[in-house]
Amino acid sequence: MTTRSKVLYASEPGLGTAEFRRVLVESGLGANRPVDDDTRLKAMLSAANLVLTARLDTEDNPLVGVARGVTDFSWVCYVSELAVCKAAQGLGIGKGLLDEARRQLGPSVAISLISMPDAVGFYERIGMERVSDAFWFGRKR
């Protein structure tokens, strides 16, 4: 992947499961997501009211990143996935997706997420504040 490719950020509420699955797998998040359950992936996408994409500005516009969130567009947005294909990591695409989320949501909406352990340093480097008082009920399947 070349750093000369321009990245196009957009809202894509109709993103298909095949592209979503591919980015999850190629980012490494596929190990922690139901990538073999098309029905569940469709539900994840259709229930999200913020689906942002990063595509390379080349002839076929390949998808290289996705941010999927749930928000009230007034107070808070929970980003449930921030996935960037490993071949495109280090090009600023994850930060670009979060910057696009902040642009679309505006300054009065906070953004929260739960980091995978190996991504903590990324979130700290881009200026996100670590919050210690988070709680979790795990899923059964």
# chains A, B, ... in the order shown; residues from 1 in each chain; ligands from 1

call {"tool": "residues_around", "arguments": {"residues": "Val131 in chain A", "least_positions_apart": "4", "cutoff": "12 Å", "atoms": "only C-alpha atoms", "output": "ChimeraX atom specification"}}
result
/A:111-115,120,123-124,135

call {"tool": "write_last_selection", "arguments": {"atoms": "N, CA and C atoms", "output": "mmCIF file, in the first residue's frame"}}
result
data_model
loop_
_atom_site.group_PDB
_atom_site.id
_atom_site.type_symbol
_atom_site.label_atom_id
_atom_site.label_comp_id
_atom_site.auth_asym_id
_atom_site.auth_seq_id
_atom_site.Cartn_x
_atom_site.Cartn_y
_atom_site.Cartn_z
ATOM 1 N N ILE A 111 -17.057 10.914 22.397
ATOM 2 C CA ILE A 111 -16.860 9.617 21.754
ATOM 3 C C ILE A 111 -16.227 8.671 22.752
ATOM 4 N N SER A 112 -16.820 7.489 22.886
ATOM 5 C CA SER A 112 -16.265 6.477 23.781
ATOM 6 C C SER A 112 -16.054 5.184 23.005
ATOM 7 N N LEU A 113 -15.136 4.363 23.511
ATOM 8 C CA LEU A 113 -14.892 3.054 22.909
ATOM 9 C C LEU A 113 -14.151 2.190 23.903
ATOM 10 N N ILE A 114 -14.132 0.908 23.625
ATOM 11 C CA ILE A 114 -13.344 -0.035 24.409
ATOM 12 C C ILE A 114 -12.247 -0.547 23.495
ATOM 13 N N SER A 115 -11.010 -0.337 23.897
ATOM 14 C CA SER A 115 -9.866 -0.694 23.072
ATOM 15 C C SER A 115 -9.503 -2.162 23.220
ATOM 16 N N VAL A 120 -4.217 0.065 22.618
ATOM 17 C CA VAL A 120 -4.259 1.106 23.652
ATOM 18 C C VAL A 120 -3.296 2.246 23.325
ATOM 19 N N TYR A 123 -4.665 4.802 20.776
ATOM 20 C CA TYR A 123 -5.650 5.754 21.291
ATOM 21 C C TYR A 123 -4.991 6.803 22.180
ATOM 22 N N GLU A 124 -3.996 6.403 22.943
ATOM 23 C CA GLU A 124 -3.270 7.380 23.759
ATOM 24 C C GLU A 124 -2.508 8.359 22.868
ATOM 25 N N PHE A 135 -17.520 -0.480 32.859
ATOM 26 C CA PHE A 135 -18.037 -1.755 33.350
ATOM 27 C C PHE A 135 -18.565 -2.561 32.184
#

call {"tool": "select_by_dssp", "arguments": {"residues": "chain A", "states": "strand (DSSP E or B)", "output": "MDAnalysis selection string"}}
result
chainID A and resid 7:11 50:56 63:71 76:84 110:113

call {"tool": "residues_around", "arguments": {"residues": "Val23 in chain A", "least_positions_apart": "2", "cutoff": "9 Å", "atoms": "only C-alpha atoms", "output": "list in words"}}
result
Ala18, Glu19, Phe20, Arg21, Val25, Glu26, Ser27, Gly28, Leu29, Gly30, Leu63, Val64, Gly65, Val66, Ala83, Val84, Cys85 and Lys86 of chain A

call {"tool": "write_last_selection", "arguments": {"atoms": "all heavy atoms", "output": "CSV table (one decimal), in the first residue's frame"}}
result
chain,number,residue,atom,x,y,z
A,18,ALA,N,-20.1,-8.1,3.1
A,18,ALA,CA,-18.9,-8.7,2.6
A,18,ALA,C,-17.7,-7.8,2.8
A,18,ALA,O,-16.6,-8.2,3.2
A,18,ALA,CB,-19.0,-9.0,1.1
A,19,GLU,N,-17.8,-6.5,2.5
A,19,GLU,CA,-16.7,-5.5,2.7
A,19,GLU,C,-16.4,-5.3,4.1
A,19,GLU,O,-15.3,-5.2,4.6
A,19,GLU,CB,-17.1,-4.2,2.0
A,19,GLU,CG,-16.9,-4.1,0.5
A,19,GLU,CD,-17.0,-2.7,0.0
A,19,GLU,OE1,-18.1,-2.1,0.2
A,19,GLU,OE2,-16.1,-2.2,-0.6
A,20,PHE,N,-17.5,-5.2,5.0
A,20,PHE,CA,-17.3,-5.1,6.4
A,20,PHE,C,-16.5,-6.3,7.0
A,20,PHE,O,-15.5,-6.1,7.7
A,20,PHE,CB,-18.7,-5.0,7.1
A,20,PHE,CG,-18.7,-4.8,8.5
A,20,PHE,CD1,-17.9,-3.8,9.2
A,20,PHE,CD2,-19.5,-5.6,9.4
A,20,PHE,CE1,-17.9,-3.6,10.5
A,20,PHE,CE2,-19.5,-5.4,10.7
A,20,PHE,CZ,-18.7,-4.4,11.3
A,21,ARG,N,-16.9,-7.5,6.6
A,21,ARG,CA,-16.2,-8.7,7.0
A,21,ARG,C,-14.8,-8.7,6.6
A,21,ARG,O,-13.9,-9.0,7.4
A,21,ARG,CB,-16.9,-9.9,6.5
A,21,ARG,CG,-16.2,-11.3,6.8
A,21,ARG,CD,-16.8,-12.5,6.1
A,21,ARG,NE,-18.2,-12.7,6.5
A,21,ARG,CZ,-19.3,-12.4,5.8
A,21,ARG,NH1,-19.1,-12.0,4.5
A,21,ARG,NH2,-20.5,-12.6,6.2
A,25,VAL,N,-11.6,-8.9,9.2
A,25,VAL,CA,-10.6,-10.0,9.1
A,25,VAL,C,-9.2,-9.4,8.8
A,25,VAL,O,-8.2,-9.7,9.5
A,25,VAL,CB,-11.0,-11.0,8.0
A,25,VAL,CG1,-9.8,-12.0,7.7
A,25,VAL,CG2,-12.3,-11.7,8.4
A,26,GLU,N,-9.1,-8.5,7.9
A,26,GLU,CA,-7.8,-8.0,7.5
A,26,GLU,C,-7.2,-7.0,8.5
A,26,GLU,O,-6.0,-6.7,8.5
A,26,GLU,CB,-7.8,-7.3,6.1
A,26,GLU,CG,-8.1,-8.2,5.0
A,26,GLU,CD,-8.1,-7.6,3.6
A,26,GLU,OE1,-7.7,-6.4,3.5
A,26,GLU,OE2,-8.5,-8.3,2.7
A,27,SER,N,-8.0,-6.5,9.4
A,27,SER,CA,-7.5,-5.6,10.5
A,27,SER,C,-7.1,-6.4,11.7
A,27,SER,O,-6.3,-5.9,12.6
A,27,SER,CB,-8.6,-4.7,10.9
A,27,SER,OG,-9.6,-5.4,11.7
A,28,GLY,N,-7.5,-7.7,11.8
A,28,GLY,CA,-7.2,-8.5,13.0
A,28,GLY,C,-8.4,-8.5,14.0
A,28,GLY,O,-8.4,-9.4,14.9
A,29,LEU,N,-9.4,-7.6,13.8
A,29,LEU,CA,-10.6,-7.7,14.7
A,29,LEU,C,-11.5,-8.9,14.4
A,29,LEU,O,-12.3,-9.2,15.2
A,29,LEU,CB,-11.4,-6.4,14.5
A,29,LEU,CG,-11.0,-5.2,15.3
A,29,LEU,CD1,-11.9,-4.0,15.0
A,29,LEU,CD2,-10.8,-5.4,16.7
A,30,GLY,N,-11.3,-9.5,13.3
A,30,GLY,CA,-12.1,-10.7,12.9
A,30,GLY,C,-12.0,-11.8,14.0
A,30,GLY,O,-13.0,-12.6,14.1
A,63,LEU,N,-12.0,-0.5,0.1
A,63,LEU,CA,-12.3,-0.2,1.5
A,63,LEU,C,-11.1,-0.6,2.3
A,63,LEU,O,-10.7,-1.8,2.3
A,63,LEU,CB,-13.6,-0.9,2.0
A,63,LEU,CG,-14.0,-0.6,3.4
A,63,LEU,CD1,-14.5,0.8,3.5
A,63,LEU,CD2,-15.1,-1.6,3.8
A,64,VAL,N,-10.5,0.3,3.1
A,64,VAL,CA,-9.4,0.0,4.0
A,64,VAL,C,-9.7,0.3,5.4
A,64,VAL,O,-8.9,-0.1,6.3
A,64,VAL,CB,-8.1,0.8,3.5
A,64,VAL,CG1,-7.7,0.3,2.2
A,64,VAL,CG2,-8.3,2.3,3.5
A,65,GLY,N,-10.8,0.9,5.8
A,65,GLY,CA,-11.1,1.1,7.2
A,65,GLY,C,-12.6,1.4,7.4
A,65,GLY,O,-13.3,1.9,6.5
A,66,VAL,N,-13.1,1.1,8.6
A,66,VAL,CA,-14.5,1.3,9.0
A,66,VAL,C,-14.5,1.7,10.4
A,66,VAL,O,-13.8,1.1,11.3
A,66,VAL,CB,-15.3,-0.1,8.8
A,66,VAL,CG1,-16.7,0.1,9.4
A,66,VAL,CG2,-15.3,-0.5,7.4
A,83,ALA,N,-11.7,-0.3,12.6
A,83,ALA,CA,-11.0,-1.4,12.0
A,83,ALA,C,-10.3,-0.8,10.7
A,83,ALA,O,-10.9,-0.2,9.9
A,83,ALA,CB,-11.9,-2.5,11.6
A,84,VAL,N,-8.9,-1.0,10.7
A,84,VAL,CA,-8.1,-0.6,9.5
A,84,VAL,C,-7.3,-1.8,9.1
A,84,VAL,O,-6.7,-2.5,9.9
A,84,VAL,CB,-7.2,0.5,9.9
A,84,VAL,CG1,-6.3,0.9,8.7
A,84,VAL,CG2,-8.0,1.8,10.3
A,85,CYS,N,-7.4,-2.1,7.8
A,85,CYS,CA,-6.7,-3.3,7.2
A,85,CYS,C,-5.2,-3.1,7.6
A,85,CYS,O,-4.6,-2.0,7.5
A,85,CYS,CB,-6.8,-3.3,5.7
A,85,CYS,SG,-8.5,-3.6,5.1
A,86,LYS,N,-4.6,-4.2,8.0
A,86,LYS,CA,-3.2,-4.2,8.4
A,86,LYS,C,-2.3,-3.6,7.4
A,86,LYS,O,-1.3,-2.8,7.7
A,86,LYS,CB,-2.7,-5.6,8.8
A,86,LYS,CG,-3.3,-6.1,10.1
A,86,LYS,CD,-2.6,-7.3,10.6
A,86,LYS,CE,-3.4,-7.9,11.7
A,86,LYS,NZ,-2.8,-7.9,13.0

call {"tool": "select_by_dssp", "arguments": {"residues": "chain A", "states": "alpha helix (DSSP H)", "output": "NGL selection string"}}
result
:A and (17-27 or 38-47 or 93-105 or 120-125)

call {"tool": "residues_around", "arguments": {"residues": "Val7 in chain A", "least_positions_apart": "3", "cutoff": "8 Å", "atoms": "only C-alpha atoms", "output": "VMD selection string"}}
result
chain A and resid 54 to 57 93

call {"tool": "closest_residue", "arguments": {"among": "A:Ser80, A:Ser108, A:Trp136, A:Thr71", "to": "Asn32 in chain A", "atoms": "only C-alpha atoms"}}
result
A:Ser80

call {"tool": "residues_around", "arguments": {"residues": "Gly69 in chain A", "least_positions_apart": "5", "cutoff": "9 Å", "atoms": "only C-alpha atoms", "output": "list of chain:residue names"}}
result
A:Ala48, A:Asn49, A:Leu50, A:Val51, A:Leu52, A:Cys77, A:Tyr78, A:Val79, A:Ser80, A:Glu81, A:Leu82

call {"tool": "decode", "arguments": {"residues": "range 14-101 of chain A", "atoms": "C-alpha atoms", "output": "mmCIF file, in the first residue's frame"}}
result
data_model
loop_
_atom_site.group_PDB
_atom_site.id
_atom_site.type_symbol
_atom_site.label_atom_id
_atom_site.label_comp_id
_atom_site.auth_asym_id
_atom_site.auth_seq_id
_atom_site.Cartn_x
_atom_site.Cartn_y
_atom_site.Cartn_z
ATOM 1 C CA GLY A 14 -25.574 0.929 3.395
ATOM 2 C CA LEU A 15 -22.150 -0.720 3.695
ATOM 3 C CA GLY A 16 -22.393 -4.381 2.717
ATOM 4 C CA THR A 17 -21.463 -7.271 4.969
ATOM 5 C CA ALA A 18 -18.852 -8.673 2.561
ATOM 6 C CA GLU A 19 -16.732 -5.511 2.663
ATOM 7 C CA PHE A 20 -17.309 -5.097 6.408
ATOM 8 C CA ARG A 21 -16.245 -8.704 7.030
ATOM 9 C CA ARG A 22 -13.125 -8.321 4.876
ATOM 10 C CA VAL A 23 -11.934 -5.253 6.791
ATOM 11 C CA LEU A 24 -12.643 -6.933 10.138
ATOM 12 C CA VAL A 25 -10.594 -9.955 9.085
ATOM 13 C CA GLU A 26 -7.774 -7.952 7.483
ATOM 14 C CA SER A 27 -7.532 -5.638 10.506
ATOM 15 C CA GLY A 28 -7.233 -8.466 13.013
ATOM 16 C CA LEU A 29 -10.587 -7.677 14.680
ATOM 17 C CA GLY A 30 -12.106 -10.692 12.938
ATOM 18 C CA ALA A 31 -10.751 -12.892 15.722
ATOM 19 C CA ASN A 32 -13.128 -11.091 18.117
ATOM 20 C CA ARG A 33 -16.136 -10.534 15.876
ATOM 21 C CA PRO A 34 -18.769 -12.911 14.438
ATOM 22 C CA VAL A 35 -17.308 -12.850 10.913
ATOM 23 C CA ASP A 36 -18.785 -16.288 10.093
ATOM 24 C CA ASP A 37 -22.329 -15.187 10.978
ATOM 25 C CA ASP A 38 -23.701 -13.126 8.086
ATOM 26 C CA THR A 39 -27.037 -12.531 9.826
ATOM 27 C CA ARG A 40 -25.309 -11.076 12.861
ATOM 28 C CA LEU A 41 -23.008 -8.885 10.742
ATOM 29 C CA LYS A 42 -26.064 -7.529 8.906
ATOM 30 C CA ALA A 43 -27.728 -6.771 12.244
ATOM 31 C CA MET A 44 -24.582 -5.037 13.500
ATOM 32 C CA LEU A 45 -24.499 -2.791 10.438
ATOM 33 C CA SER A 46 -28.219 -2.071 10.317
ATOM 34 C CA ALA A 47 -28.408 -1.164 14.020
ATOM 35 C CA ALA A 48 -25.487 1.265 13.795
ATOM 36 C CA ASN A 49 -26.492 4.828 13.080
ATOM 37 C CA LEU A 50 -22.950 5.914 12.299
ATOM 38 C CA VAL A 51 -21.019 3.912 9.705
ATOM 39 C CA LEU A 52 -17.949 5.696 8.387
ATOM 40 C CA THR A 53 -15.613 4.313 5.777
ATOM 41 C CA ALA A 54 -12.115 4.993 4.515
ATOM 42 C CA ARG A 55 -11.495 4.113 0.874
ATOM 43 C CA LEU A 56 -8.419 4.613 -1.235
ATOM 44 C CA ASP A 57 -8.948 7.107 -4.041
ATOM 45 C CA THR A 58 -7.962 4.682 -6.779
ATOM 46 C CA GLU A 59 -9.872 3.166 -9.672
ATOM 47 C CA ASP A 60 -11.628 0.452 -7.631
ATOM 48 C CA ASN A 61 -11.933 2.493 -4.366
ATOM 49 C CA PRO A 62 -10.989 -0.361 -2.028
ATOM 50 C CA LEU A 63 -12.316 -0.170 1.510
ATOM 51 C CA VAL A 64 -9.395 -0.003 3.961
ATOM 52 C CA GLY A 65 -11.119 1.145 7.163
ATOM 53 C CA VAL A 66 -14.451 1.253 8.982
ATOM 54 C CA ALA A 67 -15.740 2.993 12.084
ATOM 55 C CA ARG A 68 -19.114 1.739 13.309
ATOM 56 C CA GLY A 69 -20.942 3.457 16.133
ATOM 57 C CA VAL A 70 -24.183 4.062 17.953
ATOM 58 C CA THR A 71 -25.044 7.621 18.916
ATOM 59 C CA ASP A 72 -27.858 9.941 19.920
ATOM 60 C CA PHE A 73 -26.107 12.735 17.938
ATOM 61 C CA SER A 74 -26.461 14.937 21.013
ATOM 62 C CA TRP A 75 -24.456 13.612 23.961
ATOM 63 C CA VAL A 76 -22.320 10.551 23.209
ATOM 64 C CA CYS A 77 -21.247 8.139 20.486
ATOM 65 C CA TYR A 78 -20.044 4.646 21.290
ATOM 66 C CA VAL A 79 -17.633 3.392 18.623
ATOM 67 C CA SER A 80 -18.017 -0.371 18.562
ATOM 68 C CA GLU A 81 -15.506 -0.970 15.745
ATOM 69 C CA LEU A 82 -12.560 0.958 14.469
ATOM 70 C CA ALA A 83 -10.953 -1.377 11.968
ATOM 71 C CA VAL A 84 -8.146 -0.624 9.516
ATOM 72 C CA CYS A 85 -6.673 -3.269 7.216
ATOM 73 C CA LYS A 86 -3.177 -4.198 8.421
ATOM 74 C CA ALA A 87 -1.707 -3.199 5.040
ATOM 75 C CA ALA A 88 -3.029 0.346 5.610
ATOM 76 C CA GLN A 89 -2.177 0.691 9.301
ATOM 77 C CA GLY A 90 0.296 3.436 10.092
ATOM 78 C CA LEU A 91 -1.067 5.744 7.383
ATOM 79 C CA GLY A 92 -3.287 7.765 9.741
ATOM 80 C CA ILE A 93 -6.538 6.107 8.645
ATOM 81 C CA GLY A 94 -7.753 5.183 12.146
ATOM 82 C CA LYS A 95 -7.204 8.747 13.320
ATOM 83 C CA GLY A 96 -8.810 9.988 10.106
ATOM 84 C CA LEU A 97 -11.945 7.926 10.761
ATOM 85 C CA LEU A 98 -12.194 9.265 14.320
ATOM 86 C CA ASP A 99 -11.592 12.822 13.066
ATOM 87 C CA GLU A 100 -14.420 12.316 10.551
ATOM 88 C CA ALA A 101 -16.668 11.031 13.350
#
